[in-house]
>>> print(open('entry24.cif').read())   # mmCIF, N, CA and C atoms
data_run
loop_
_atom_site.label_atom_id
_atom_site.label_comp_id
_atom_site.auth_asym_id
_atom_site.auth_seq_id
_atom_site.Cartn_x
_atom_site.Cartn_y
_atom_site.Cartn_z
N MET R 1 -138.28 -129.77 14.28
CA MET R 1 -137.20 -129.79 13.31
C MET R 1 -135.90 -129.37 13.99
N THR R 2 -134.82 -130.01 13.61
CA THR R 2 -133.51 -129.69 14.16
C THR R 2 -133.07 -128.32 13.66
N ARG R 3 -132.44 -127.57 14.50
CA ARG R 3 -131.95 -126.25 14.13
C ARG R 3 -130.45 -126.33 13.84
N PHE R 4 -130.06 -125.85 12.66
CA PHE R 4 -128.66 -125.84 12.26
C PHE R 4 -128.16 -124.40 12.30
N SER R 5 -126.88 -124.24 12.65
CA SER R 5 -126.31 -122.90 12.66
C SER R 5 -124.85 -122.95 12.22
N ASP R 6 -124.39 -121.83 11.70
CA ASP R 6 -123.02 -121.71 11.24
C ASP R 6 -122.68 -120.22 11.20
N ILE R 7 -121.39 -119.90 11.27
CA ILE R 7 -121.02 -118.49 11.17
C ILE R 7 -121.14 -118.04 9.72
N ASP R 8 -121.37 -116.76 9.54
CA ASP R 8 -121.45 -116.17 8.21
C ASP R 8 -120.02 -115.97 7.71
N LEU R 9 -119.65 -116.67 6.66
CA LEU R 9 -118.28 -116.59 6.17
C LEU R 9 -117.95 -115.27 5.47
N ASN R 10 -118.94 -114.41 5.31
CA ASN R 10 -118.66 -113.05 4.84
C ASN R 10 -118.21 -112.18 6.01
N PHE R 11 -118.29 -112.75 7.22
CA PHE R 11 -117.88 -112.09 8.45
C PHE R 11 -118.58 -110.75 8.67
N THR R 12 -119.87 -110.73 8.34
CA THR R 12 -120.65 -109.54 8.63
C THR R 12 -120.88 -109.46 10.14
N ARG R 13 -121.01 -108.26 10.64
CA ARG R 13 -121.14 -108.04 12.07
C ARG R 13 -122.61 -107.98 12.46
N ASN R 14 -122.95 -108.67 13.52
CA ASN R 14 -124.28 -108.60 14.08
C ASN R 14 -124.43 -107.22 14.72
N PRO R 15 -125.46 -106.45 14.32
CA PRO R 15 -125.57 -105.08 14.84
C PRO R 15 -125.85 -105.00 16.35
N VAL R 16 -126.39 -106.06 16.92
CA VAL R 16 -126.72 -106.04 18.35
C VAL R 16 -125.54 -106.52 19.19
N THR R 17 -125.00 -107.70 18.85
CA THR R 17 -123.94 -108.28 19.67
C THR R 17 -122.55 -107.82 19.25
N LYS R 18 -122.43 -107.24 18.07
CA LYS R 18 -121.14 -106.79 17.49
C LYS R 18 -120.20 -107.96 17.21
N ASP R 19 -120.73 -109.17 17.24
CA ASP R 19 -119.97 -110.37 16.94
C ASP R 19 -120.25 -110.78 15.49
N VAL R 20 -119.57 -111.80 15.01
CA VAL R 20 -119.82 -112.31 13.67
C VAL R 20 -121.24 -112.83 13.59
N SER R 21 -121.94 -112.51 12.50
CA SER R 21 -123.33 -112.95 12.34
C SER R 21 -123.39 -114.47 12.19
N ILE R 22 -124.52 -115.01 12.56
CA ILE R 22 -124.77 -116.45 12.49
C ILE R 22 -125.85 -116.70 11.45
N LYS R 23 -125.65 -117.74 10.66
CA LYS R 23 -126.68 -118.20 9.73
C LYS R 23 -127.37 -119.40 10.36
N TYR R 24 -128.67 -119.52 10.11
CA TYR R 24 -129.44 -120.61 10.71
C TYR R 24 -130.14 -121.43 9.64
N ASP R 25 -130.36 -122.68 9.96
CA ASP R 25 -131.19 -123.63 9.19
C ASP R 25 -130.82 -123.66 7.71
N ASP R 26 -131.77 -123.31 6.83
CA ASP R 26 -131.54 -123.43 5.39
C ASP R 26 -130.30 -122.65 4.93
N GLU R 27 -130.13 -121.44 5.44
CA GLU R 27 -128.99 -120.62 5.02
C GLU R 27 -127.67 -121.24 5.47
N ALA R 28 -127.65 -121.85 6.64
CA ALA R 28 -126.44 -122.52 7.12
C ALA R 28 -126.09 -123.71 6.23
N ILE R 29 -127.09 -124.48 5.85
CA ILE R 29 -126.84 -125.64 5.00
C ILE R 29 -126.45 -125.21 3.59
N LYS R 30 -127.08 -124.17 3.06
CA LYS R 30 -126.68 -123.65 1.75
C LYS R 30 -125.20 -123.25 1.75
N GLY R 31 -124.77 -122.59 2.82
CA GLY R 31 -123.37 -122.20 2.93
C GLY R 31 -122.45 -123.41 3.00
N ALA R 32 -122.87 -124.44 3.72
CA ALA R 32 -122.06 -125.66 3.82
C ALA R 32 -121.95 -126.35 2.46
N VAL R 33 -123.04 -126.37 1.71
CA VAL R 33 -123.02 -126.98 0.37
C VAL R 33 -122.07 -126.22 -0.54
N ARG R 34 -122.17 -124.89 -0.54
CA ARG R 34 -121.26 -124.08 -1.37
C ARG R 34 -119.80 -124.33 -0.99
N ASN R 35 -119.53 -124.35 0.31
CA ASN R 35 -118.15 -124.55 0.77
C ASN R 35 -117.61 -125.90 0.35
N LEU R 36 -118.41 -126.94 0.46
CA LEU R 36 -117.96 -128.28 0.03
C LEU R 36 -117.62 -128.30 -1.45
N ILE R 37 -118.45 -127.69 -2.25
CA ILE R 37 -118.24 -127.70 -3.70
C ILE R 37 -117.00 -126.90 -4.07
N LEU R 38 -116.78 -125.79 -3.40
CA LEU R 38 -115.67 -124.91 -3.76
C LEU R 38 -114.35 -125.30 -3.10
N THR R 39 -114.37 -126.31 -2.24
CA THR R 39 -113.15 -126.78 -1.59
C THR R 39 -112.52 -127.90 -2.41
N ASP R 40 -111.22 -127.85 -2.58
CA ASP R 40 -110.49 -128.93 -3.26
C ASP R 40 -110.04 -129.97 -2.25
N ALA R 41 -110.02 -131.22 -2.67
CA ALA R 41 -109.51 -132.29 -1.81
C ALA R 41 -108.06 -131.96 -1.43
N GLY R 42 -107.73 -132.15 -0.17
CA GLY R 42 -106.39 -131.85 0.31
C GLY R 42 -106.22 -130.44 0.81
N GLU R 43 -107.22 -129.62 0.65
CA GLU R 43 -107.13 -128.21 1.03
C GLU R 43 -107.32 -128.00 2.54
N ARG R 44 -108.07 -128.87 3.18
CA ARG R 44 -108.31 -128.72 4.62
C ARG R 44 -107.40 -129.65 5.41
N PRO R 45 -106.70 -129.10 6.39
CA PRO R 45 -105.82 -129.94 7.20
C PRO R 45 -106.59 -131.07 7.89
N PHE R 46 -105.98 -132.21 7.93
CA PHE R 46 -106.50 -133.40 8.61
C PHE R 46 -107.77 -133.98 7.97
N GLN R 47 -108.17 -133.45 6.82
CA GLN R 47 -109.33 -133.97 6.08
C GLN R 47 -108.96 -134.02 4.60
N PRO R 48 -108.04 -134.90 4.22
CA PRO R 48 -107.49 -134.89 2.86
C PRO R 48 -108.49 -135.24 1.76
N THR R 49 -109.59 -135.90 2.07
CA THR R 49 -110.53 -136.28 1.02
C THR R 49 -111.73 -135.33 0.94
N LEU R 50 -111.84 -134.38 1.85
CA LEU R 50 -112.98 -133.47 1.86
C LEU R 50 -112.88 -132.47 0.72
N GLY R 51 -113.92 -132.36 -0.07
CA GLY R 51 -113.99 -131.34 -1.12
C GLY R 51 -114.38 -131.90 -2.47
N GLY R 52 -114.83 -131.00 -3.33
CA GLY R 52 -115.31 -131.38 -4.66
C GLY R 52 -114.23 -131.46 -5.72
N SER R 53 -113.09 -130.81 -5.50
CA SER R 53 -111.99 -130.79 -6.48
C SER R 53 -112.47 -130.39 -7.87
N ILE R 54 -113.20 -129.30 -7.91
CA ILE R 54 -113.75 -128.82 -9.17
C ILE R 54 -112.86 -127.76 -9.79
N ARG R 55 -112.08 -127.08 -9.00
CA ARG R 55 -111.28 -125.96 -9.50
C ARG R 55 -110.42 -126.32 -10.71
N SER R 56 -109.80 -127.49 -10.71
CA SER R 56 -108.95 -127.88 -11.84
C SER R 56 -109.74 -128.04 -13.13
N LEU R 57 -111.01 -128.41 -13.03
CA LEU R 57 -111.84 -128.57 -14.23
C LEU R 57 -112.19 -127.22 -14.88
N LEU R 58 -112.11 -126.15 -14.12
CA LEU R 58 -112.48 -124.84 -14.65
C LEU R 58 -111.45 -124.29 -15.63
N PHE R 59 -110.29 -124.90 -15.68
CA PHE R 59 -109.25 -124.47 -16.61
C PHE R 59 -109.30 -125.25 -17.92
N GLU R 60 -110.23 -126.17 -18.00
CA GLU R 60 -110.46 -126.92 -19.23
C GLU R 60 -111.47 -126.16 -20.09
N PRO R 61 -111.48 -126.41 -21.40
CA PRO R 61 -112.52 -125.78 -22.22
C PRO R 61 -113.91 -126.20 -21.73
N ALA R 62 -114.84 -125.28 -21.78
CA ALA R 62 -116.20 -125.56 -21.31
C ALA R 62 -116.91 -126.44 -22.34
N THR R 63 -116.94 -127.73 -22.06
CA THR R 63 -117.55 -128.70 -22.97
C THR R 63 -118.58 -129.53 -22.20
N PRO R 64 -119.45 -130.25 -22.90
CA PRO R 64 -120.40 -131.13 -22.21
C PRO R 64 -119.71 -132.21 -21.36
N VAL R 65 -118.55 -132.66 -21.77
CA VAL R 65 -117.83 -133.68 -21.00
C VAL R 65 -117.41 -133.10 -19.65
N ILE R 66 -116.89 -131.89 -19.64
CA ILE R 66 -116.47 -131.25 -18.40
C ILE R 66 -117.71 -130.95 -17.54
N SER R 67 -118.78 -130.53 -18.18
CA SER R 67 -120.03 -130.27 -17.47
C SER R 67 -120.53 -131.52 -16.75
N THR R 68 -120.47 -132.66 -17.41
CA THR R 68 -120.88 -133.93 -16.81
C THR R 68 -119.97 -134.31 -15.65
N GLU R 69 -118.68 -134.07 -15.79
CA GLU R 69 -117.72 -134.38 -14.71
C GLU R 69 -117.96 -133.48 -13.49
N ILE R 70 -118.27 -132.21 -13.73
CA ILE R 70 -118.58 -131.30 -12.62
C ILE R 70 -119.82 -131.79 -11.88
N GLU R 71 -120.85 -132.18 -12.63
CA GLU R 71 -122.06 -132.70 -12.02
C GLU R 71 -121.77 -133.93 -11.16
N ALA R 72 -120.97 -134.85 -11.69
CA ALA R 72 -120.63 -136.07 -10.96
C ALA R 72 -119.86 -135.76 -9.68
N ARG R 73 -118.93 -134.83 -9.75
CA ARG R 73 -118.15 -134.48 -8.56
C ARG R 73 -119.01 -133.81 -7.50
N ILE R 74 -119.95 -132.97 -7.93
CA ILE R 74 -120.85 -132.32 -6.98
C ILE R 74 -121.72 -133.36 -6.29
N ARG R 75 -122.28 -134.28 -7.07
CA ARG R 75 -123.10 -135.34 -6.48
C ARG R 75 -122.29 -136.17 -5.48
N ASN R 76 -121.07 -136.50 -5.86
CA ASN R 76 -120.21 -137.33 -5.00
C ASN R 76 -119.87 -136.62 -3.69
N VAL R 77 -119.48 -135.36 -3.76
CA VAL R 77 -119.08 -134.66 -2.54
C VAL R 77 -120.27 -134.45 -1.61
N LEU R 78 -121.45 -134.19 -2.16
CA LEU R 78 -122.61 -134.01 -1.29
C LEU R 78 -123.06 -135.32 -0.66
N ARG R 79 -123.01 -136.41 -1.43
CA ARG R 79 -123.35 -137.72 -0.86
C ARG R 79 -122.36 -138.12 0.23
N SER R 80 -121.10 -137.80 0.03
CA SER R 80 -120.05 -138.23 0.96
C SER R 80 -119.94 -137.38 2.21
N PHE R 81 -120.17 -136.07 2.09
CA PHE R 81 -119.82 -135.18 3.20
C PHE R 81 -120.96 -134.31 3.73
N GLU R 82 -122.14 -134.40 3.18
CA GLU R 82 -123.25 -133.59 3.69
C GLU R 82 -124.45 -134.47 3.99
N PRO R 83 -124.44 -135.13 5.15
CA PRO R 83 -125.50 -136.08 5.48
C PRO R 83 -126.85 -135.43 5.79
N ARG R 84 -126.88 -134.12 5.96
CA ARG R 84 -128.14 -133.44 6.29
C ARG R 84 -129.05 -133.25 5.09
N VAL R 85 -128.51 -133.46 3.86
CA VAL R 85 -129.32 -133.18 2.67
C VAL R 85 -129.64 -134.45 1.89
N SER R 86 -130.77 -134.39 1.22
CA SER R 86 -131.18 -135.43 0.29
C SER R 86 -131.22 -134.77 -1.09
N LEU R 87 -130.29 -135.13 -1.94
CA LEU R 87 -130.10 -134.47 -3.23
C LEU R 87 -131.26 -134.78 -4.17
N ILE R 88 -131.80 -133.75 -4.81
CA ILE R 88 -132.86 -133.90 -5.80
C ILE R 88 -132.25 -133.86 -7.20
N SER R 89 -131.48 -132.79 -7.48
CA SER R 89 -130.89 -132.68 -8.81
C SER R 89 -129.69 -131.75 -8.80
N VAL R 90 -128.84 -131.93 -9.80
CA VAL R 90 -127.71 -131.03 -10.05
C VAL R 90 -127.77 -130.70 -11.53
N LEU R 91 -127.95 -129.43 -11.84
CA LEU R 91 -128.02 -128.98 -13.23
C LEU R 91 -126.81 -128.10 -13.50
N VAL R 92 -126.01 -128.48 -14.49
CA VAL R 92 -124.82 -127.72 -14.86
C VAL R 92 -125.00 -127.23 -16.28
N ARG R 93 -125.00 -125.91 -16.45
CA ARG R 93 -125.14 -125.30 -17.77
C ARG R 93 -123.85 -124.57 -18.13
N ILE R 94 -123.45 -124.71 -19.37
CA ILE R 94 -122.25 -124.03 -19.85
C ILE R 94 -122.63 -122.61 -20.25
N ASN R 95 -121.85 -121.65 -19.77
CA ASN R 95 -122.01 -120.26 -20.17
C ASN R 95 -120.83 -119.92 -21.07
N ASN R 96 -121.03 -120.05 -22.38
CA ASN R 96 -119.94 -119.87 -23.33
C ASN R 96 -119.42 -118.44 -23.37
N ASP R 97 -120.25 -117.47 -23.06
CA ASP R 97 -119.82 -116.07 -23.10
C ASP R 97 -118.71 -115.78 -22.10
N SER R 98 -118.77 -116.40 -20.93
CA SER R 98 -117.77 -116.14 -19.90
C SER R 98 -116.91 -117.36 -19.59
N ASN R 99 -117.05 -118.42 -20.39
CA ASN R 99 -116.31 -119.66 -20.18
C ASN R 99 -116.45 -120.12 -18.72
N SER R 100 -117.70 -120.17 -18.28
CA SER R 100 -117.99 -120.57 -16.91
C SER R 100 -119.14 -121.58 -16.92
N PHE R 101 -119.50 -122.03 -15.73
CA PHE R 101 -120.59 -122.99 -15.58
C PHE R 101 -121.58 -122.44 -14.56
N ASP R 102 -122.85 -122.43 -14.93
CA ASP R 102 -123.91 -122.05 -14.01
C ASP R 102 -124.51 -123.33 -13.45
N VAL R 103 -124.41 -123.49 -12.15
CA VAL R 103 -124.83 -124.72 -11.48
C VAL R 103 -126.03 -124.40 -10.58
N THR R 104 -127.04 -125.25 -10.65
CA THR R 104 -128.18 -125.16 -9.74
C THR R 104 -128.32 -126.50 -9.04
N ILE R 105 -128.24 -126.48 -7.73
CA ILE R 105 -128.35 -127.70 -6.92
C ILE R 105 -129.68 -127.64 -6.18
N ALA R 106 -130.46 -128.69 -6.31
CA ALA R 106 -131.73 -128.78 -5.60
C ALA R 106 -131.63 -129.93 -4.60
N PHE R 107 -132.05 -129.67 -3.37
CA PHE R 107 -132.02 -130.71 -2.34
C PHE R 107 -133.08 -130.43 -1.30
N ARG R 108 -133.31 -131.42 -0.48
CA ARG R 108 -134.19 -131.28 0.69
C ARG R 108 -133.35 -131.55 1.93
N VAL R 109 -133.61 -130.80 2.97
CA VAL R 109 -133.00 -131.09 4.25
C VAL R 109 -133.76 -132.29 4.80
N LYS R 110 -133.02 -133.28 5.27
CA LYS R 110 -133.67 -134.48 5.79
C LYS R 110 -134.61 -134.11 6.92
N GLY R 111 -135.85 -134.62 6.84
CA GLY R 111 -136.87 -134.29 7.82
C GLY R 111 -137.73 -133.11 7.41
N ASP R 112 -137.46 -132.53 6.24
CA ASP R 112 -138.22 -131.39 5.75
C ASP R 112 -138.58 -131.67 4.29
N SER R 113 -139.77 -131.36 3.88
CA SER R 113 -140.19 -131.68 2.52
C SER R 113 -139.96 -130.55 1.52
N ARG R 114 -139.59 -129.37 2.01
CA ARG R 114 -139.40 -128.23 1.11
C ARG R 114 -138.11 -128.37 0.30
N PRO R 115 -138.18 -128.18 -1.02
CA PRO R 115 -136.95 -128.19 -1.81
C PRO R 115 -136.19 -126.86 -1.64
N ILE R 116 -134.88 -126.96 -1.65
CA ILE R 116 -134.01 -125.78 -1.52
C ILE R 116 -133.12 -125.73 -2.75
N LEU R 117 -132.99 -124.55 -3.35
CA LEU R 117 -132.13 -124.36 -4.52
C LEU R 117 -130.91 -123.55 -4.13
N VAL R 118 -129.76 -123.99 -4.63
CA VAL R 118 -128.51 -123.27 -4.42
C VAL R 118 -127.89 -123.00 -5.79
N PRO R 119 -127.93 -121.75 -6.25
CA PRO R 119 -127.28 -121.42 -7.53
C PRO R 119 -125.82 -121.02 -7.28
N ILE R 120 -124.93 -121.53 -8.12
CA ILE R 120 -123.51 -121.20 -8.01
C ILE R 120 -122.97 -121.01 -9.43
N THR R 121 -122.16 -119.99 -9.62
CA THR R 121 -121.44 -119.83 -10.89
C THR R 121 -120.00 -120.23 -10.65
N LEU R 122 -119.55 -121.20 -11.42
CA LEU R 122 -118.17 -121.69 -11.31
C LEU R 122 -117.37 -121.07 -12.44
N LYS R 123 -116.36 -120.30 -12.06
CA LYS R 123 -115.54 -119.60 -13.05
C LYS R 123 -114.11 -119.58 -12.55
N ARG R 124 -113.18 -119.80 -13.45
CA ARG R 124 -111.79 -119.76 -13.02
C ARG R 124 -111.41 -118.34 -12.64
N LEU R 125 -110.47 -118.24 -11.72
CA LEU R 125 -110.09 -116.94 -11.20
C LEU R 125 -109.00 -116.25 -12.01
N ARG R 126 -108.21 -117.03 -12.73
CA ARG R 126 -107.13 -116.42 -13.51
C ARG R 126 -107.29 -116.73 -14.97
#
>>> encode(input="entry24.cif", output="structure tokens")
Amino acid sequence: MTRFSDIDLNFTRNPVTKDVSIKYDDEAIKGAVRNLILTDAGERPFQPTLGGSIRSLLFEPATPVISTEIEARIRNVLRSFEPRVSLISVLVRINNDSNSFDVTIAFRVKGDSRPILVPITLKRLR
């Protein structure tokens, strides 16, 4: 199986090397999926189409229509920019108490049969 790696974006320190910790395999891909979803198109220099552009939807009332649009954007961004995963499902639930969305993404890493779940809560910041 191919080994994937990425830096830990929480910038935790490796206790042995004193350098930024590294995430491997499933954890690295989970982080990449989260980053793609939370990035807006145009946010990254020289990659104007990269990102899910979900942030603007979080300022709309939490309705089934918005929930469906969030699901579609997540599916689109993962199909377009994360070739390492094979998407199984995207479940978006409205949390009316906090006017947020609880998202669960299920996928398989290509070449591996184990399903991986990534839970994310999408909530506006202001």
>>> closest_residue(input="entry24.cif", among="R:Val20, R:Lys30, R:Ser56, R:Lys123", to="Ser98 (chain R)", atoms="only N, CA and C atoms")
R:Lys123
>>> resolve_selection(input="entry24.cif", expression="the PyMOL selection byres (((chain R and resi 66-72 and name CA) around 8) and name CA)", output="VMD selection string")
chain R and resid 54 57 60 to 65 73 to 76 90 to 94 101
>>> atom_distance(input="entry24.cif", atom1="atom N of Arg55 (chain R)", atom2="atom C of Val33 (chain R)")
13.1 Å
>>> resolve_selection(input="entry24.cif", expression="the PyMOL selection byres ((chain R and resi 85) around 7)", output="VMD selection string")
chain R and resid 82 to 84 86 to 87 107 to 110
>>> residues_near_point(input="entry24.cif", point="(-108.9, -130.7, -2.1)", cutoff="10 Å", atoms="only C-alpha atoms", output="number ranges by chain")
R: 36-45, 47-55
